[in-house]
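These notes are about the structure you will find just below.
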Amino acid sequence: MSTAASLRAPLAHDGEDRLEIAGRCYRSRLLVGTGKYKDLEETRAAIEASGAEIVTVAIRRTNIGQHPDEPSLLDVISPQRYTILPNTAGCYTAEDAVRTCLLARELLDGHNLVKLEVLGDEKTLFPDVVQTLKATERLLAEGFDIMVYTNDDPIVARELEQMGCVAVMPLAAPIGSGLGIRNPYNILEIVENARVPILVDAGVGTASDAAVAMELGCDGVLMNTAIAAARNPVLMASAMKKAVEAGREAFLAGRMPRKRYASASSPVDGLFL
């Protein structure tokens, strides 16, 4: 494990490997969203099967109390059980993102942990880095703890960390594409030089994608569509839980070196003929 990675992998008093974000430790390194499910019951069942402890909610698209006459997501995703992570999905300017975070803080009784994303256009849903940096600066001044969605540029990731974000979340591929990690070397570069948690956000399609992200040394993975758009979302949520756990263990164990030629599993030294 790299020095930077080891600094981001705190051990709890019981020696268990934990994910630490904004001073709080979590057993699960899988973070999940709440969109695209057929109903609230499927949402509840899939999130429970995922084992996730952090659940992200699109404030502009989800009712968490701003519409008291409609069903609330918090009826099935209890803030007493989960860390609710409000996000700014659907925001295309720094102003909209800041306004959305302030609304989330009001609705969640002073909650400061947010996921910031400011999008550049509706076709690609790539982040607008300039607007993201502006929103980051303003939200930090307002006292928010920011987990920030960005592209896989190591320089931008470093800048966001240095500004004070509590986690940096580079995309693996475009949001909802399911293409998996398209540029593992950029993700690896970000991971190896970071001192805050790095979580892959966007582009995961199946369990093997999540395992690859964790084997690269990422501290966690956030996903929504990969689970919600599966034929069986609850079963896929369970698969993603196992993939993240397996990928993390493989990273900590350290993989064998790659070799060009065969190497016998059973040594021949001292063989009796």
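Chain labels A, B, ... are given in the sequence in which chains occur in the structure tokens; within each chain residues are numbered consecutively from 1, and ligands are likewise numbered from 1 in the order shown.
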Residue contacts of segment 141-149 of chain A (6 Å, only C-alpha atoms) excluding same-chain residues fewer than 3 positions away, as an MDAnalysis selection string: chainID A and resid 112:117 138 165:170
Segment 234-249 of chain A surroundings by only C-alpha atoms, 7 Å radius, close-in-sequence under 2 positions cut, as a list in words: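 Those residues are Arg29, Leu30, Ala45, Ala46, Ala49, Ser50, Gly51, Ala207, Ser208, Ala210, Ala211, Val212, Met214, Glu215, Ile227, Ala230, Asn232, Phe251, Leu252 and Ala253 of chain A.
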Every residue of segment 18-246 of chain A that DSSP places in helix (DSSP H, G or I), as number ranges by chain: A: 40-50, 73-75, 94-107, 129-141, 154-163, 184-192, 207-215, 225-228, 233-246
Just C-alpha atoms for this one: save the residues we selected as a PDB file, in the first residue's frame.
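Everything below was put into selection-v5.pdb:
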ATOM      1  CA  LEU A  40     -39.836   3.306  -2.446  1.00  0.00           C
ATOM      2  CA  GLU A  41     -40.039  -0.319  -1.333  1.00  0.00           C
ATOM      3  CA  GLU A  42     -37.550  -1.433  -3.976  1.00  0.00           C
ATOM      4  CA  THR A  43     -35.343   1.490  -2.958  1.00  0.00           C
ATOM      5  CA  ARG A  44     -35.421   0.349   0.662  1.00  0.00           C
ATOM      6  CA  ALA A  45     -34.718  -3.299  -0.153  1.00  0.00           C
ATOM      7  CA  ALA A  46     -31.818  -2.568  -2.500  1.00  0.00           C
ATOM      8  CA  ILE A  47     -30.123  -0.152  -0.129  1.00  0.00           C
ATOM      9  CA  GLU A  48     -30.475  -2.623   2.716  1.00  0.00           C
ATOM     10  CA  ALA A  49     -28.971  -5.407   0.574  1.00  0.00           C
ATOM     11  CA  SER A  50     -26.043  -3.168  -0.391  1.00  0.00           C
ATOM     12  CA  LEU A  73     -37.777   9.148   0.973  1.00  0.00           C
ATOM     13  CA  LEU A  74     -36.901   9.479   4.649  1.00  0.00           C
ATOM     14  CA  ASP A  75     -39.868   7.216   5.426  1.00  0.00           C
ATOM     15  CA  ALA A  94     -22.250  27.321  -8.877  1.00  0.00           C
ATOM     16  CA  GLU A  95     -25.174  29.475  -7.732  1.00  0.00           C
ATOM     17  CA  ASP A  96     -27.683  26.641  -8.134  1.00  0.00           C
ATOM     18  CA  ALA A  97     -25.396  24.200  -6.336  1.00  0.00           C
ATOM     19  CA  VAL A  98     -24.861  26.528  -3.385  1.00  0.00           C
ATOM     20  CA  ARG A  99     -28.590  27.250  -3.124  1.00  0.00           C
ATOM     21  CA  THR A 100     -29.365  23.511  -3.180  1.00  0.00           C
ATOM     22  CA  CYS A 101     -26.874  22.758  -0.416  1.00  0.00           C
ATOM     23  CA  LEU A 102     -28.305  25.518   1.758  1.00  0.00           C
ATOM     24  CA  LEU A 103     -31.790  24.040   1.259  1.00  0.00           C
ATOM     25  CA  ALA A 104     -30.498  20.597   2.202  1.00  0.00           C
ATOM     26  CA  ARG A 105     -28.958  21.963   5.375  1.00  0.00           C
ATOM     27  CA  GLU A 106     -32.285  23.513   6.327  1.00  0.00           C
ATOM     28  CA  LEU A 107     -34.273  20.344   5.581  1.00  0.00           C
ATOM     29  CA  VAL A 129     -14.688  22.173 -13.418  1.00  0.00           C
ATOM     30  CA  VAL A 130     -14.735  25.982 -13.374  1.00  0.00           C
ATOM     31  CA  GLN A 131     -18.202  26.110 -11.793  1.00  0.00           C
ATOM     32  CA  THR A 132     -17.272  23.251  -9.421  1.00  0.00           C
ATOM     33  CA  LEU A 133     -14.282  25.194  -8.125  1.00  0.00           C
ATOM     34  CA  LYS A 134     -16.423  28.305  -7.627  1.00  0.00           C
ATOM     35  CA  ALA A 135     -19.083  26.352  -5.750  1.00  0.00           C
ATOM     36  CA  THR A 136     -16.455  24.610  -3.630  1.00  0.00           C
ATOM     37  CA  GLU A 137     -14.990  27.914  -2.499  1.00  0.00           C
ATOM     38  CA  ARG A 138     -18.389  29.317  -1.538  1.00  0.00           C
ATOM     39  CA  LEU A 139     -19.591  26.182   0.235  1.00  0.00           C
ATOM     40  CA  LEU A 140     -16.389  25.876   2.243  1.00  0.00           C
ATOM     41  CA  ALA A 141     -16.904  29.457   3.397  1.00  0.00           C
ATOM     42  CA  PRO A 154      -5.158  14.379 -11.249  1.00  0.00           C
ATOM     43  CA  ILE A 155      -4.377  18.110 -11.240  1.00  0.00           C
ATOM     44  CA  VAL A 156      -7.996  19.100 -10.626  1.00  0.00           C
ATOM     45  CA  ALA A 157      -8.319  16.403  -7.966  1.00  0.00           C
ATOM     46  CA  ARG A 158      -5.266  17.786  -6.194  1.00  0.00           C
ATOM     47  CA  GLU A 159      -6.627  21.333  -6.314  1.00  0.00           C
ATOM     48  CA  LEU A 160      -9.967  20.268  -4.815  1.00  0.00           C
ATOM     49  CA  GLU A 161      -8.174  18.429  -2.025  1.00  0.00           C
ATOM     50  CA  GLN A 162      -5.964  21.420  -1.288  1.00  0.00           C
ATOM     51  CA  MET A 163      -9.007  23.691  -1.146  1.00  0.00           C
ATOM     52  CA  PRO A 184      -7.389   3.391 -14.660  1.00  0.00           C
ATOM     53  CA  TYR A 185      -4.006   5.093 -14.825  1.00  0.00           C
ATOM     54  CA  ASN A 186      -5.479   8.508 -14.078  1.00  0.00           C
ATOM     55  CA  ILE A 187      -7.472   7.050 -11.182  1.00  0.00           C
ATOM     56  CA  LEU A 188      -4.301   5.388  -9.887  1.00  0.00           C
ATOM     57  CA  GLU A 189      -2.398   8.677 -10.140  1.00  0.00           C
ATOM     58  CA  ILE A 190      -5.112  10.440  -8.128  1.00  0.00           C
ATOM     59  CA  VAL A 191      -5.167   7.705  -5.486  1.00  0.00           C
ATOM     60  CA  GLU A 192      -1.396   7.553  -5.044  1.00  0.00           C
ATOM     61  CA  ALA A 207     -19.564  -5.965  -9.838  1.00  0.00           C
ATOM     62  CA  SER A 208     -16.227  -6.435 -11.584  1.00  0.00           C
ATOM     63  CA  ASP A 209     -16.028  -2.661 -12.221  1.00  0.00           C
ATOM     64  CA  ALA A 210     -16.433  -1.999  -8.504  1.00  0.00           C
ATOM     65  CA  ALA A 211     -13.766  -4.576  -7.661  1.00  0.00           C
ATOM     66  CA  VAL A 212     -11.323  -2.976 -10.121  1.00  0.00           C
ATOM     67  CA  ALA A 213     -11.857   0.450  -8.541  1.00  0.00           C
ATOM     68  CA  MET A 214     -11.098  -0.948  -5.104  1.00  0.00           C
ATOM     69  CA  GLU A 215      -8.079  -2.933  -6.330  1.00  0.00           C
ATOM     70  CA  THR A 225     -27.762   3.234 -11.958  1.00  0.00           C
ATOM     71  CA  ALA A 226     -25.658   0.061 -11.869  1.00  0.00           C
ATOM     72  CA  ILE A 227     -27.944  -1.222  -9.131  1.00  0.00           C
ATOM     73  CA  ALA A 228     -31.268   0.441  -9.940  1.00  0.00           C
ATOM     74  CA  PRO A 233     -31.719  -4.463  -8.280  1.00  0.00           C
ATOM     75  CA  VAL A 234     -31.745  -6.133  -4.864  1.00  0.00           C
ATOM     76  CA  LEU A 235     -29.542  -9.004  -6.048  1.00  0.00           C
ATOM     77  CA  MET A 236     -27.195  -6.588  -7.834  1.00  0.00           C
ATOM     78  CA  ALA A 237     -26.916  -4.523  -4.655  1.00  0.00           C
ATOM     79  CA  SER A 238     -25.785  -7.638  -2.828  1.00  0.00           C
ATOM     80  CA  ALA A 239     -23.261  -8.392  -5.584  1.00  0.00           C
ATOM     81  CA  MET A 240     -21.852  -4.862  -5.389  1.00  0.00           C
ATOM     82  CA  LYS A 241     -21.414  -5.177  -1.640  1.00  0.00           C
ATOM     83  CA  LYS A 242     -19.336  -8.324  -2.084  1.00  0.00           C
ATOM     84  CA  ALA A 243     -17.327  -6.838  -4.971  1.00  0.00           C
ATOM     85  CA  VAL A 244     -16.315  -3.771  -2.978  1.00  0.00           C
ATOM     86  CA  GLU A 245     -15.316  -5.917  -0.020  1.00  0.00           C
ATOM     87  CA  ALA A 246     -13.318  -8.333  -2.208  1.00  0.00           C
TER      88      ALA A 246
END
Per-residue DSSP, segment 12-235 of chain A, filtered to strand (DSSP E or B), as a PyMOL selection string: chain A and resi 17+19-21+24-26+30-32+54-58+83-87+113-116+119+127+145-150+167-170+198-201+220-223
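Using only C-alpha atoms, the shortest contact distance between Gly164 of chain A and any of A:Glu20, A:Pro86, A:Met256, A:Arg195 is found at A:Arg195.
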Atomic distance atom CA of Gly203 of chain A - atom CA of Pro257 of chain A, expressed in Å with one decimal: 27.8 Å
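Interatomic distance, atom CA of Leu19 of chain A to atom CA of Val200 of chain A: 13.8 Å.
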Point-to-point distance in Å for atom CA of Ile175 of chain A and atom CA of Gly120 of chain A: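 Interatomic distance here is 12.3 Å.
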